[in-house]
Every structure is written in C-alpha cells, then in structure tokens.
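Quick look at entry_28.txt (compact mmCIF, C-alpha atoms):
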# COMPACT_ATOMS: atom_id res chain seq x y z
CA MET A 1 103.88 74.69 97.18
CA LEU A 2 105.33 78.16 97.73
CA GLN A 3 106.07 80.35 94.68
CA HIS A 4 108.00 83.60 95.05
CA GLY A 5 107.59 86.74 92.96
CA PHE A 6 109.59 89.74 91.67
CA PRO A 7 112.26 90.69 92.54
CA ASP A 8 112.70 87.86 94.99
CA THR A 9 113.83 84.27 95.59
CA PRO A 10 112.63 81.18 97.47
CA ALA A 11 114.39 82.65 100.53
CA THR A 12 111.32 84.86 100.88
CA TRP A 13 109.61 81.83 102.50
CA ARG A 14 112.16 81.50 105.32
CA HIS A 15 109.44 82.32 107.87
CA LEU A 16 106.31 80.76 106.37
CA GLY A 17 107.98 77.57 105.13
CA PRO A 18 109.13 76.38 108.57
CA ALA A 19 105.76 77.38 110.09
CA LEU A 20 104.01 75.07 107.62
CA GLU A 21 106.53 72.28 108.10
CA ALA A 22 105.90 72.47 111.85
CA GLU A 23 102.24 71.71 111.09
CA GLY A 24 103.19 68.60 109.16
CA TYR A 25 103.12 69.97 105.62
CA ARG A 26 105.65 68.89 103.02
CA VAL A 27 106.93 72.19 101.60
CA ALA A 28 108.31 72.84 98.11
CA ALA A 29 109.57 76.33 97.21
CA PRO A 30 110.59 76.36 93.53
CA TRP A 31 112.31 79.10 91.61
CA LEU A 32 110.00 81.20 89.49
CA ARG A 33 110.69 80.56 85.80
CA GLY A 34 113.66 82.67 84.72
CA TYR A 35 115.27 83.03 88.14
CA GLY A 36 118.51 81.49 89.36
CA ALA A 37 119.26 78.25 87.54
CA SER A 38 115.67 77.73 86.38
CA THR A 39 114.44 77.54 82.80
CA THR A 40 114.91 80.77 80.86
CA GLY A 41 114.31 79.63 77.30
CA THR A 42 110.56 80.25 77.02
CA SER A 43 108.46 83.35 77.66
CA PRO A 44 106.89 83.28 81.13
CA ARG A 45 103.24 83.90 80.25
CA ILE A 46 100.96 83.79 83.28
CA ASP A 47 99.35 80.56 82.08
CA ARG A 48 102.83 79.05 81.59
CA LEU A 49 103.76 79.98 85.17
CA GLY A 50 100.60 78.21 86.32
CA GLU A 51 101.44 75.17 84.22
CA ASP A 52 104.85 75.04 85.90
CA LEU A 53 103.13 74.56 89.26
CA LEU A 54 100.81 71.90 87.85
CA GLU A 55 103.78 70.03 86.37
CA LEU A 56 105.75 70.31 89.60
CA HIS A 57 102.80 68.96 91.57
CA ALA A 58 102.70 65.96 89.25
CA ALA A 59 106.47 65.48 89.48
CA LEU A 60 106.27 65.42 93.29
CA GLY A 61 103.73 62.62 93.20
CA GLY A 62 100.47 64.39 92.45
CA ASP A 63 98.46 61.98 94.60
CA ASP A 64 97.43 64.38 97.35
CA ARG A 65 95.67 67.66 96.85
CA ALA A 66 98.20 70.36 97.63
CA VAL A 67 98.06 73.91 98.94
CA LEU A 68 99.23 76.69 96.62
CA VAL A 69 100.91 79.75 98.12
CA GLY A 70 102.19 82.62 95.98
CA HIS A 71 103.45 86.17 96.30
CA ASP A 72 103.47 88.81 93.55
CA TRP A 73 104.07 86.97 90.22
CA GLY A 74 103.95 83.80 92.30
CA ALA A 75 100.42 84.79 93.31
CA ALA A 76 99.45 85.27 89.66
CA ALA A 77 100.90 81.82 88.95
CA ALA A 78 98.99 80.34 91.89
CA TRP A 79 95.66 81.82 90.74
CA SER A 80 96.28 80.43 87.26
CA ALA A 81 97.25 76.97 88.52
CA ALA A 82 94.34 76.85 90.98
CA THR A 83 91.85 77.74 88.25
CA ALA A 84 93.30 75.22 85.80
CA GLY A 85 93.78 72.38 88.28
CA GLY A 86 90.66 72.88 90.37
CA ARG A 87 89.66 70.72 93.30
CA ASP A 88 91.27 67.62 91.83
CA ARG A 89 94.74 69.12 92.35
CA TRP A 90 94.44 71.74 95.09
CA SER A 91 92.81 71.91 98.51
CA ALA A 92 93.36 75.67 98.92
CA VAL A 93 95.20 78.67 97.55
CA VAL A 94 96.89 81.45 99.54
CA ALA A 95 97.85 84.53 97.53
CA LEU A 96 99.79 87.54 98.75
CA ALA A 97 99.81 91.04 97.22
CA VAL A 98 98.23 90.24 93.82
CA PRO A 99 94.48 89.49 93.66
CA PRO A 100 92.80 87.31 91.04
CA GLU A 101 92.66 89.03 87.66
CA PRO A 102 88.89 89.86 87.68
CA ALA A 103 89.48 91.98 90.80
CA LEU A 104 91.67 94.24 88.67
CA HIS A 105 88.76 95.18 86.40
CA GLY A 106 88.88 98.96 85.87
CA PHE A 107 92.66 99.04 86.28
CA LEU A 108 93.15 101.01 83.05
CA LEU A 109 90.85 103.82 84.24
CA ASP A 110 92.53 104.16 87.63
CA LEU A 111 95.14 106.90 87.28
CA ASP A 112 96.50 106.34 90.77
CA GLN A 113 97.06 102.64 90.07
CA LEU A 114 98.55 103.34 86.66
CA TRP A 115 101.10 105.60 88.33
CA ARG A 116 101.88 102.89 90.87
CA SER A 117 102.36 100.46 87.98
CA ARG A 118 104.69 102.65 85.93
CA TYR A 119 107.55 100.27 86.67
CA GLN A 120 105.87 97.78 84.32
CA LEU A 121 106.48 100.10 81.38
CA GLN A 122 109.95 100.96 82.63
CA ALA A 123 110.74 97.24 82.55
CA GLN A 124 110.37 97.35 78.77
CA LEU A 125 113.36 99.67 78.31
CA PRO A 126 116.17 98.20 76.18
CA LEU A 127 119.35 97.34 78.07
CA LEU A 128 117.63 97.94 81.42
CA GLU A 129 119.08 94.69 82.73
CA ARG A 130 122.61 95.88 82.04
CA TRP A 131 121.98 99.10 83.95
CA ILE A 132 120.46 97.23 86.91
CA HIS A 133 123.44 94.86 86.94
CA ARG A 134 125.93 97.73 86.71
CA GLU A 135 124.19 99.40 89.68
CA ALA A 136 124.55 96.20 91.73
CA LEU A 137 120.73 95.75 91.83
CA ARG A 138 120.24 99.13 93.53
CA PRO A 139 117.09 99.92 91.47
CA LEU A 140 115.53 96.66 92.68
CA VAL A 141 116.40 97.43 96.30
CA GLU A 142 114.76 100.84 95.86
CA LEU A 143 111.70 99.10 94.45
CA TRP A 144 111.45 96.98 97.60
CA LEU A 145 111.55 100.15 99.70
CA ARG A 146 108.91 101.90 97.59
CA TRP A 147 106.53 98.98 97.63
CA SER A 148 106.98 98.31 101.36
CA PRO A 149 107.74 101.72 102.91
CA GLY A 150 107.98 100.36 106.46
CA TYR A 151 110.32 97.48 105.67
CA VAL A 152 114.08 97.64 105.27
CA SER A 153 115.30 94.66 103.27
CA THR A 154 118.05 92.64 104.95
CA SER A 155 120.97 90.53 103.81
CA ALA A 156 118.67 87.50 104.12
CA ASP A 157 116.59 89.08 101.35
CA LEU A 158 119.29 90.60 99.20
CA GLU A 159 122.16 88.11 99.22
CA PRO A 160 120.07 85.32 97.63
CA LEU A 161 118.74 87.88 95.15
CA ARG A 162 122.25 88.97 94.17
CA GLU A 163 123.26 85.34 93.67
CA ALA A 164 120.16 84.64 91.58
CA LEU A 165 120.60 87.76 89.41
CA ALA A 166 124.37 87.66 89.09
CA THR A 167 124.49 88.43 85.36
CA PRO A 168 122.63 90.82 83.02
CA GLN A 169 121.11 87.74 81.36
CA GLN A 170 119.63 86.58 84.66
CA VAL A 171 118.28 90.07 85.37
CA GLY A 172 116.73 90.07 81.89
CA ALA A 173 115.15 86.68 82.54
CA ALA A 174 113.58 88.06 85.73
CA LEU A 175 112.25 91.10 83.82
CA ALA A 176 110.74 88.78 81.21
CA CYS A 177 107.51 88.43 83.23
CA TYR A 178 106.88 92.13 82.62
CA ARG A 179 108.14 92.10 79.07
CA THR A 180 105.86 89.19 78.22
CA ASN A 181 102.73 90.07 80.18
CA ALA A 182 102.70 93.69 81.30
CA VAL A 183 102.31 95.57 78.03
CA ALA A 184 99.38 93.37 77.09
CA GLY A 185 97.88 93.98 80.52
CA LEU A 186 98.37 97.75 80.51
CA LEU A 187 97.64 98.50 76.87
CA GLY A 188 95.36 95.80 75.58
CA ARG A 189 94.24 92.89 77.73
CA VAL A 190 91.59 94.38 79.99
CA PRO A 191 90.83 92.20 83.04
CA ARG A 192 87.29 90.86 82.75
CA ARG A 193 84.93 91.32 85.66
CA ASP A 194 83.50 87.86 84.90
CA GLY A 195 86.91 86.21 84.45
CA PRO A 196 87.72 82.84 86.03
CA VAL A 197 88.24 82.57 89.79
CA PRO A 198 89.34 79.25 91.32
CA GLY A 199 86.59 77.27 92.99
CA VAL A 200 88.75 76.22 95.93
CA PRO A 201 89.02 77.94 99.33
CA ALA A 202 91.23 81.00 99.00
CA LEU A 203 92.98 83.28 101.47
CA TYR A 204 94.01 86.56 99.92
CA VAL A 205 96.41 88.69 102.00
CA HIS A 206 97.15 92.33 101.14
CA GLY A 207 99.24 94.89 102.98
CA ARG A 208 97.30 98.06 103.72
CA ASP A 209 100.32 100.21 102.82
CA ASP A 210 101.19 98.32 99.63
CA ALA A 211 102.47 100.94 97.19
CA CYS A 212 102.45 98.50 94.28
CA ILE A 213 98.74 97.58 94.23
CA HIS A 214 96.19 99.68 96.12
CA GLN A 215 94.14 97.96 98.79
CA ARG A 216 90.94 98.83 96.90
CA TYR A 217 91.69 95.82 94.71
CA ALA A 218 91.70 93.61 97.78
CA ALA A 219 88.19 94.89 98.49
CA ALA A 220 87.22 94.09 94.90
CA ALA A 221 88.48 90.52 95.36
CA ARG A 222 86.28 89.85 98.40
CA PRO A 223 82.90 89.26 96.67
CA LEU A 224 84.55 87.39 93.78
CA LEU A 225 86.28 84.89 96.04
CA ALA A 226 83.26 84.53 98.33
CA ALA A 227 81.07 83.72 95.34
CA ALA A 228 83.58 81.12 94.11
CA HIS A 229 83.86 79.39 97.50
CA PRO A 230 82.17 80.27 100.83
CA ASP A 231 85.31 79.52 102.87
CA SER A 232 87.39 82.16 101.10
CA ILE A 233 88.79 85.11 103.07
CA VAL A 234 90.32 88.48 102.19
CA TRP A 235 92.56 89.99 104.86
CA VAL A 236 94.09 93.48 104.66
CA VAL A 237 97.03 93.63 107.08
CA PRO A 238 97.72 96.94 108.89
CA GLU A 239 101.27 98.28 108.97
CA ALA A 240 102.40 96.17 106.04
CA GLY A 241 103.20 96.78 102.40
CA HIS A 242 103.85 94.60 99.37
CA PHE A 243 106.15 92.10 101.14
CA VAL A 244 103.55 91.47 103.81
CA HIS A 245 104.84 87.97 104.68
CA LEU A 246 108.27 89.42 105.54
CA GLU A 247 106.99 92.51 107.32
CA GLN A 248 104.53 90.66 109.56
CA PRO A 249 105.80 87.07 109.47
CA GLN A 250 104.23 85.87 112.71
CA GLN A 251 100.80 87.33 111.94
CA VAL A 252 100.80 86.03 108.38
CA GLY A 253 102.12 82.61 109.38
CA SER A 254 99.49 82.21 112.10
CA ALA A 255 96.72 83.33 109.76
CA VAL A 256 97.78 80.93 107.01
CA VAL A 257 98.02 78.00 109.43
CA ALA A 258 94.61 78.84 110.96
CA PHE A 259 93.02 79.13 107.52
CA LEU A 260 94.40 75.80 106.38
CA GLU A 261 93.32 74.10 109.62
CA ARG A 262 89.81 75.41 109.06
CA VAL A 263 89.78 74.24 105.44
CA ARG A 264 91.21 70.85 106.37
CA GLY A 265 88.71 70.48 109.20
CA GLY A 266 85.84 71.36 106.86

How would this structure read if it were set down as structure tokens?
Amino acid sequence: MLQHGFPDTPATWRHLGPALEAEGYRVAAPWLRGYGASTTGTSPRIDRLGEDLLELHAALGGDDRAVLVGHDWGAAAAWSAATAGGRDRWSAVVALAVPPEPALHGFLLDLDQLWRSRYQLQAQLPLLERWIHREALRPLVELWLRWSPGYVSTSADLEPLREALATPQQVGAALACYRTNAVAGLLGRVPRRDGPVPGVPALYVHGRDDACIHQRYAAAARPLLAAAHPDSIVWVVPEAGHFVHLEQPQQVGSAVVAFLERVRGG
C-alpha cells in the first residue's frame, strides 16, 4: 500500500510500484485524503490519515498482512497505521523522508530545522490557496526544487499534480494537512522521545541532501527503530533530497525489494 505526500500524487510511485508488482506484490496507491477526488470533508489529522490506510486494507480484503510504504505525509500516515495496526495488519513499513515522530524530539530547539520548516507556518496564511492557484502552482514547483536541489521535476510529476489541484478548493484541501497538524506540532505538541514506534520491521529512507528535514533526524530514528524491531534499517541516500524515490529510483527500488525479501524470508 503506497501513500504519497505533499505536494504530490499517486504518480510519484511510477517507478516503485512496477518494481513491487514485478516481485509479485499486489499494489494499491490511494490518494492522500484531500487530494484529487478523495474525501475533503474532514480534517486530515495524522491519526485519521493512518485510519484511512487501515480502512483501505480492510476494504481490499484484509486477510493478508500488507506492506505499508509512505512518503512525506504518506510516511506520517504509514507510521500511524503501522503503530495502530501492528503485526496483525502489517508485515513491514517503508517510510521515505519523514521519520517516526519520536525521532523528531528536540525539533522546537533546532533553529536550523525550524527555518527549514517555515513553510508549515506559511501554509496557514489566509487565501494562500488562491494565490498558489493563480500562480499555476509555481510556489509548489519551487518547493520541490528547494527540498530536492538536485532534482528537476518533470511533466510526469507536475501534470498529475495540476490535475489534482485544479481549483483553489483542491489546493486548500491539500494544505489542510499543515493547517490541521503543523501549528500544533510547531507551537504546542512536542514530539515525545518515548512516543510509540511500530513493532514491525521498518526501512526508513532519507536523502542526504533533503532540505525539508535534516538527516540528523534519520540518525535519531536508527536506535528507536532498532529497539522496536531488530530487522529495522535506516538508510541515508547520497545525492538525493526529499523526493529520494524519484531522484534515485533504481537504488531505492532495489533496496525496498531486498528489504522485503529479507523480512519475508525471516
């Protein structure tokens, strides 16, 4: 089950999805709540995003333990679903670019990271969605470039995004993740060092040049995930930024397949 993040679409899995299908996996790549034609009527709290994945797993049969894969907000959703569903629902979780919440402990005292995360406060601005729409999504394209300095987004990235965010209302629905969760995270809800971490094997992948979240938080995730499950791995990818699965698709695809083979074999 592959969940995309912000600002993105299920097209982000155009490399990893076929690689998993070639290994015999049944792949589902849903829209993140608020994107495209998906539900926009309720606030996308992180726990609600995780519940969406649990409900989708049940709707698809729910008999077999599935693999969760998520990027950005999709990673936050995957961590939440993996923690809530546990080993009864999931055989493994693969998260890209956003570590489990306890790894972000100390976030509010990290001036460098707060500067990197300034977009979360900017997302609160009234009528921002109308400006982004009027600019033909240019601010979101610039965000891609800032977060992944070595990657130039292509029409395969941007055309699905333009279709999914074709109106100011759809842009606002995409921003709702930040408007619902980010202020609490930045100004009140401090990540707990002893917060929940899923007890299933986890592969966490982080681009070394990610300008959204510093790689130090990948290092912080390593002991947390290892303590939760001995088969967990943290991998920092050289020459990659926030959209690591698009920047290094062959490396990431091979690593994910190898990790899942090892977990399945164990």

### Query
Quick one: of A:Ala84, A:Leu2, A:Ala228, A:Ala166, who's nearest to Tyr35 (chain A), counting only C-alpha atoms?
A:Ala166

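Of the residues listed (A:Leu104, A:Ala76, A:Val94, A:Leu32), A:Val94 shows the shortest atom-to-atom separation from Val257 (chain A); distances use only C-alpha atoms.
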
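Using all atoms listed in the file, the residues found no farther than 8 Å from region 8-22 of chain A, other than those of its own chain fewer than 2 positions away, are A:Leu2, A:Gln3, A:His4, A:Gly5, A:Phe6, A:Gly24, A:Tyr25, A:Arg26, A:Val27, A:Ala29, A:Pro30, A:Trp31, A:Leu32, A:Tyr35, A:Ala156, A:Asp157, A:Pro160, A:Leu161, A:Ala164, A:His245, A:Leu246, A:Pro249, A:Gln250, A:Val252, A:Gly253, A:Val257.
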
### Å distance separating CA of Met1 (chain A) from CA of Gly34 (chain A), one decimal place
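Result for CA of Met1 (chain A) versus CA of Gly34 (chain A): 17.7 Å, one decimal.
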
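Distances to His206 (chain A) were evaluated for A:His57, A:Arg222, A:His133, A:Arg118 using only C-alpha atoms, and the minimum falls at A:Arg222.
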
### Query
Any idea what's packed within 9 Å of Ala221 (chain A), counting all atoms listed in the file, ignoring anything in its chain fewer than 5 positions away? Could you give it as a ChimeraX atom specification?
/A:99-104,204,216,226,234

Expected file: the selected residues, C-alpha atoms, as a PDB file, keeping the file's coordinate frame:
ATOM      1  CA  PRO A  99      94.480  89.490  93.660  1.00  0.00           C
ATOM      2  CA  PRO A 100      92.800  87.310  91.040  1.00  0.00           C
ATOM      3  CA  GLU A 101      92.660  89.030  87.660  1.00  0.00           C
ATOM      4  CA  PRO A 102      88.890  89.860  87.680  1.00  0.00           C
ATOM      5  CA  ALA A 103      89.480  91.980  90.800  1.00  0.00           C
ATOM      6  CA  LEU A 104      91.670  94.240  88.670  1.00  0.00           C
ATOM      7  CA  TYR A 204      94.010  86.560  99.920  1.00  0.00           C
ATOM      8  CA  ARG A 216      90.940  98.830  96.900  1.00  0.00           C
ATOM      9  CA  ALA A 226      83.260  84.530  98.330  1.00  0.00           C
ATOM     10  CA  VAL A 234      90.320  88.480 102.190  1.00  0.00           C
TER      11      VAL A 234
END

#### Entry: Distance in Å - CA of Val256 (chain A) versus CA of Asp47 (chain A)
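Calculated distance between CA of Val256 (chain A) and CA of Asp47 (chain A) is 25.0 Å.
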
Using all atoms listed in the file, what does the table of region 93-157 of chain A residues within 8 Å of region 209-213 of chain A look like, with each row giving the shortest atom pair and its distance in Å to one decimal, sorted by chain and ascending number, as CSV?
residue,atom,partner,partner_atom,distance
A:Ala97,CA,A:Ile213,CA,7.3
A:Val98,CA,A:Ile213,CA,7.4
A:Gln113,CA,A:Ile213,CA,6.8
A:Arg116,CA,A:Cys212,CA,5.6
A:Ser117,CA,A:Cys212,CA,6.6
A:Arg146,CA,A:Ala211,CA,6.5
A:Trp147,CA,A:Ala211,CA,4.5
A:Ser148,CA,A:Asp210,CA,6.0
A:Pro149,CA,A:Asp209,CA,7.6

### Task
Work out how far apart CA of Leu137 (chain A) and CA of Trp115 (chain A) are and give it in Å to one decimal.
22.2 Å

### Query
Using only C-alpha atoms, which of A:Tyr151, A:Trp79, A:Leu111, A:Val263 sits nearest Gln248 (chain A)?
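Ranked by minimum distance to Gln248 (chain A), first place goes to A:Tyr151.
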
### Message
Let me make sure I understand: among A:Leu109, A:Ala176, A:Val171, A:Ala123, which one has the smallest atom-to-atom distance to Glu135 (chain A) if we use all atoms listed in the file?
### Response
A:Val171

#### Entry: Sphere at (97.1, 77.1, 102.8), radius 7 Å, counting all atoms listed in the file: residues as a list of chain:residue names
A:Val67, A:Leu68, A:Val69, A:Ala92, A:Val93, A:Val94, A:Val256, A:Val257, A:Phe259, A:Leu260

Output for the residues just chosen: C-alpha atoms as an mmCIF file, keeping the file's coordinate frame:
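After the write, part-v5.cif holds the following:
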data_model
loop_
_atom_site.group_PDB
_atom_site.id
_atom_site.type_symbol
_atom_site.label_atom_id
_atom_site.label_comp_id
_atom_site.auth_asym_id
_atom_site.auth_seq_id
_atom_site.Cartn_x
_atom_site.Cartn_y
_atom_site.Cartn_z
ATOM 1 C CA VAL A 67 98.060 73.910 98.940
ATOM 2 C CA LEU A 68 99.230 76.690 96.620
ATOM 3 C CA VAL A 69 100.910 79.750 98.120
ATOM 4 C CA ALA A 92 93.360 75.670 98.920
ATOM 5 C CA VAL A 93 95.200 78.670 97.550
ATOM 6 C CA VAL A 94 96.890 81.450 99.540
ATOM 7 C CA VAL A 256 97.780 80.930 107.010
ATOM 8 C CA VAL A 257 98.020 78.000 109.430
ATOM 9 C CA PHE A 259 93.020 79.130 107.520
ATOM 10 C CA LEU A 260 94.400 75.800 106.380
#

### Message
So that I can see what lies close to Ile46 (chain A), please list as a PyMOL selection string the residues with an atom at most 8 Å from it, counting only C-alpha atoms and leaving out residues fewer than 3 positions away in the same chain.
### Response
chain A and resi 49-50+76-77+80+181
